[in-house]
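Peer 1: My structure is below; once you've seen it, I'll send some questions.
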Amino acid sequence: MEREKMRCVILVTSDIHGYIQPVDYRTREEIPSGLAKLATLIKEERMKFPNLLLIDNGDMLQGSPFAAYAAAHASGVHPCIEVMNNLQYDAAVPGNHEFNYGFETLKRAVKTSRFPWLSSNILFKESGEPALGRPYTVKWIENKLKVVILGATTHYIPQWEKASHIEGLEFSDALESVKEWAAYIREHEHPDILIISYHGGFECDLGNGQATERLTGENQAYAICTEVPGIDVLITGHQHRLIAEELNGVLVVQTGSNGQALGHLTIELEHSGSGWLVVSKAARLLKLEADKAADVEIMALTGETERKTQEWLDQPIGATEGDLSVSDPFECRSAPNPFIQFIHQVQLEATGAEISAAALLSEETKGFGSIITVRDVLSTFVYPNTLTVLRLTGEDIRLALEQSAAYFVLAADGKLGISEAYLQPKAQHYNYDMWAGIEYDINLSLPVGKRITRLSRDGEELSMTAEYTVVMNSYRAGGGGNFDMFRGKPVLYEGAEDMADLAVGYIRSKSVLRASDDRNWRLIR
């Protein structure tokens, strides 16, 4: 007698970052990404596999101008949630960026969702109960196959997020939480398939198990795969990588960012008489082709918010005098640049700090042309960071400069390049800072950690024991980017407005921005 067979198909999105319609918000050109185009794939797959499961792995509500407009202006159901409801998601996991607009905004999104949000390790401090409703959900396929989806989120969020946005919340260790809940689920739920949806990435090379980053706990996917028994699928994200393979018998997937690809996982099972047995499984990525059409229904559903977003982006707010463009992001980081000086000016004026540290956050930033619009500003400040002023010693500043100086490498022929640590496993150009209010030299002929050869303020050598007020974005002030020297330092100011709003206000107040030529630092080869 032939054994009964079943198939479980799981579709995955992650790190959509509010990119629904397939549009480049800098140019308004169509691009081969976005959830509206993935929706076409989702509906095609649902026609073939009506009982498939659809899971989002976090960072849906923040990251695009569309998402920024929705957060500031939308009432009722968030447009991203409307899309997810329409596509009949079975579950979602919060990403770290879900908290960028505050926990109340996230709670409203959860309340209006027609699917559960899962997180086993985000708890209310007072009660210890899950803050978003439940740690896992149970799904039945044809009333025969029991599938359990367990959610977890990187517990590193308090290192980045504004304290008021996560007040009253506890972020317990994601690995330990998954171990605990997976054991509970195996004992009490007896699933045929156990899926872990984890908004976090891989801390080790998938091939050899060697660490690819400092083991801070931000990413724990490799440990989850190798230390937690009984897992069939591990959905990952956060790092914006494209991964679809098997590790230690576990299907693993990561789908890039902004709707680049759809994760497609297939598990084939046979009934042994006493239960279902997995006989084969496969993971792949369905990548969007350039000619793949966006789903008409999703385009219509988000059309009005998209139209208003585009109008908002095209508002002129000021003009420039001189060159504030960014033609090449690497060149912008390699020498003092008027556009970075503009960022420093905004930060210093907003806070009254003595010294400023800032990064070029996006590789897509083009700076400003003769007329400045909201679109130009949001293309520069892609994260809703606020400003923080810390009290730092001269030694703290020196250590931070040495940290950034490690960004550069010199080839044997003297050609300037970028350290692999800032390129793999994902690009982290935003973790290189440039400073204003001090003068410094970076001598690249010297070893990492000893490259700062001049460090002064107003022409006088910076005292290593003296204290200074330093403004930076909230991510960096929390130690983000491995700037451990900033952790635990006295906080003198925490702003409420995000940097994009501050920049818009600054430009409007000045009407005309004049390019600065402050050559306060240099690279020496």
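Identifiers for the structure tokens are assigned positionally: chains receive A, B, ... in sequence, residues are indexed from 1 per chain, and ligands are indexed from 1 in the order shown.
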Could you please write out, as a list in words, every residue of segment 96-140 of chain A that DSSP assigns to alpha helix (DSSP H)?

Peer 2: Phe103, Glu104, Thr105, Leu106, Lys107, Arg108, Ala109, Val110 and Lys111 of chain A

Peer 1: Selected residues, all heavy atoms, written as an mmCIF file, in the first residue's frame, please.

Peer 2:
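So selection-v9.cif came out as:
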```
data_model
loop_
_atom_site.group_PDB
_atom_site.id
_atom_site.type_symbol
_atom_site.label_atom_id
_atom_site.label_comp_id
_atom_site.auth_asym_id
_atom_site.auth_seq_id
_atom_site.Cartn_x
_atom_site.Cartn_y
_atom_site.Cartn_z
ATOM 1 N N PHE A 103 6.517 52.224 20.095
ATOM 2 C CA PHE A 103 5.767 50.985 20.323
ATOM 3 C C PHE A 103 4.270 51.172 20.070
ATOM 4 O O PHE A 103 3.587 50.247 19.637
ATOM 5 C CB PHE A 103 6.008 50.494 21.753
ATOM 6 C CG PHE A 103 5.455 49.118 22.026
ATOM 7 C CD1 PHE A 103 5.681 48.083 21.138
ATOM 8 C CD2 PHE A 103 4.714 48.865 23.169
ATOM 9 C CE1 PHE A 103 5.182 46.803 21.379
ATOM 10 C CE2 PHE A 103 4.202 47.607 23.426
ATOM 11 C CZ PHE A 103 4.440 46.577 22.532
ATOM 12 N N GLU A 104 3.750 52.378 20.305
ATOM 13 C CA GLU A 104 2.321 52.612 20.066
ATOM 14 C C GLU A 104 1.990 52.452 18.585
ATOM 15 O O GLU A 104 0.946 51.888 18.225
ATOM 16 C CB GLU A 104 1.913 54.008 20.562
ATOM 17 C CG GLU A 104 1.901 54.149 22.075
ATOM 18 C CD GLU A 104 0.965 53.156 22.749
ATOM 19 O OE1 GLU A 104 -0.176 52.990 22.247
ATOM 20 O OE2 GLU A 104 1.367 52.556 23.755
ATOM 21 N N THR A 105 2.861 52.960 17.709
ATOM 22 C CA THR A 105 2.644 52.805 16.265
ATOM 23 C C THR A 105 2.657 51.335 15.884
ATOM 24 O O THR A 105 1.817 50.873 15.096
ATOM 25 C CB THR A 105 3.734 53.565 15.481
ATOM 26 O OG1 THR A 105 3.636 54.959 15.786
ATOM 27 C CG2 THR A 105 3.569 53.362 13.985
ATOM 28 N N LEU A 106 3.594 50.573 16.445
ATOM 29 C CA LEU A 106 3.650 49.145 16.164
ATOM 30 C C LEU A 106 2.408 48.437 16.684
ATOM 31 O O LEU A 106 1.844 47.566 15.999
ATOM 32 C CB LEU A 106 4.915 48.543 16.784
ATOM 33 C CG LEU A 106 5.068 47.017 16.668
ATOM 34 C CD1 LEU A 106 4.964 46.555 15.224
ATOM 35 C CD2 LEU A 106 6.391 46.570 17.290
ATOM 36 N N LYS A 107 1.951 48.802 17.877
ATOM 37 C CA LYS A 107 0.754 48.162 18.428
ATOM 38 C C LYS A 107 -0.472 48.398 17.551
ATOM 39 O O LYS A 107 -1.307 47.511 17.385
ATOM 40 C CB LYS A 107 0.489 48.657 19.859
ATOM 41 C CG LYS A 107 1.416 48.057 20.902
ATOM 42 C CD LYS A 107 0.889 48.207 22.311
ATOM 43 C CE LYS A 107 0.755 49.643 22.723
ATOM 44 N NZ LYS A 107 0.321 49.765 24.153
ATOM 45 N N ARG A 108 -0.581 49.612 16.980
ATOM 46 C CA ARG A 108 -1.704 49.884 16.070
ATOM 47 C C ARG A 108 -1.620 49.003 14.833
ATOM 48 O O ARG A 108 -2.639 48.511 14.332
ATOM 49 C CB ARG A 108 -1.711 51.364 15.680
ATOM 50 C CG ARG A 108 -2.222 52.293 16.768
ATOM 51 C CD ARG A 108 -2.552 53.671 16.219
ATOM 52 N NE ARG A 108 -1.393 54.367 15.688
ATOM 53 C CZ ARG A 108 -0.570 55.102 16.411
ATOM 54 N NH1 ARG A 108 -0.790 55.258 17.723
ATOM 55 N NH2 ARG A 108 0.467 55.715 15.856
ATOM 56 N N ALA A 109 -0.417 48.815 14.334
ATOM 57 C CA ALA A 109 -0.243 47.941 13.170
ATOM 58 C C ALA A 109 -0.641 46.511 13.511
ATOM 59 O O ALA A 109 -1.332 45.836 12.729
ATOM 60 C CB ALA A 109 1.207 47.993 12.689
ATOM 61 N N VAL A 110 -0.226 46.044 14.674
ATOM 62 C CA VAL A 110 -0.557 44.685 15.102
ATOM 63 C C VAL A 110 -2.068 44.525 15.266
ATOM 64 O O VAL A 110 -2.663 43.530 14.825
ATOM 65 C CB VAL A 110 0.173 44.344 16.416
ATOM 66 C CG1 VAL A 110 -0.335 43.033 17.011
ATOM 67 C CG2 VAL A 110 1.686 44.284 16.195
ATOM 68 N N LYS A 111 -2.697 45.524 15.864
ATOM 69 C CA LYS A 111 -4.140 45.455 16.133
ATOM 70 C C LYS A 111 -4.961 45.371 14.854
ATOM 71 O O LYS A 111 -6.018 44.731 14.831
ATOM 72 C CB LYS A 111 -4.568 46.679 16.954
ATOM 73 C CG LYS A 111 -6.009 46.648 17.422
ATOM 74 C CD LYS A 111 -6.340 47.849 18.297
ATOM 75 C CE LYS A 111 -7.781 47.800 18.777
ATOM 76 N NZ LYS A 111 -8.098 48.977 19.638
#
```

Peer 1: Please return as a PyMOL selection string: the residues of segment 156-326 of chain A that backbone DSSP assigns to strand (DSSP E or B).

Peer 2: chain A and resi 169-171+193-199+204+211+233-235+242-247+250-255+261-271+276-287+316-321+324-325

Peer 1: Choose the residue, out of A:Gln21, A:Asn482, A:Asp59, A:Val12, that has the smallest atom-to-atom separation from Glu218 of chain A; count only C-alpha atoms.

Peer 2: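 Distance minimum relative to Glu218 of chain A lands on A:Asn482.
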
Peer 1: Take atom CA of Ser516 of chain A and atom CA of Trp435 of chain A and report the distance between them in Å, one decimal.

Peer 2: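 Taking atom CA of Ser516 of chain A and atom CA of Trp435 of chain A, their separation equals 14.1 Å.
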
Peer 1: Atom CA of Ala503 of chain A to atom CA of Gly481 of chain A: how many Å, to one decimal?

Peer 2: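 Straight-line distance from atom CA of Ala503 of chain A to atom CA of Gly481 of chain A works out to 23.1 Å.
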
Peer 1: Excluding Ser327 of chain A and any residue of its chain fewer than 6 positions from it, enumerate the residues within 9 Å of it, using only C-alpha atoms, and give them as a ChimeraX atom specification.

Peer 2: /A:365-367
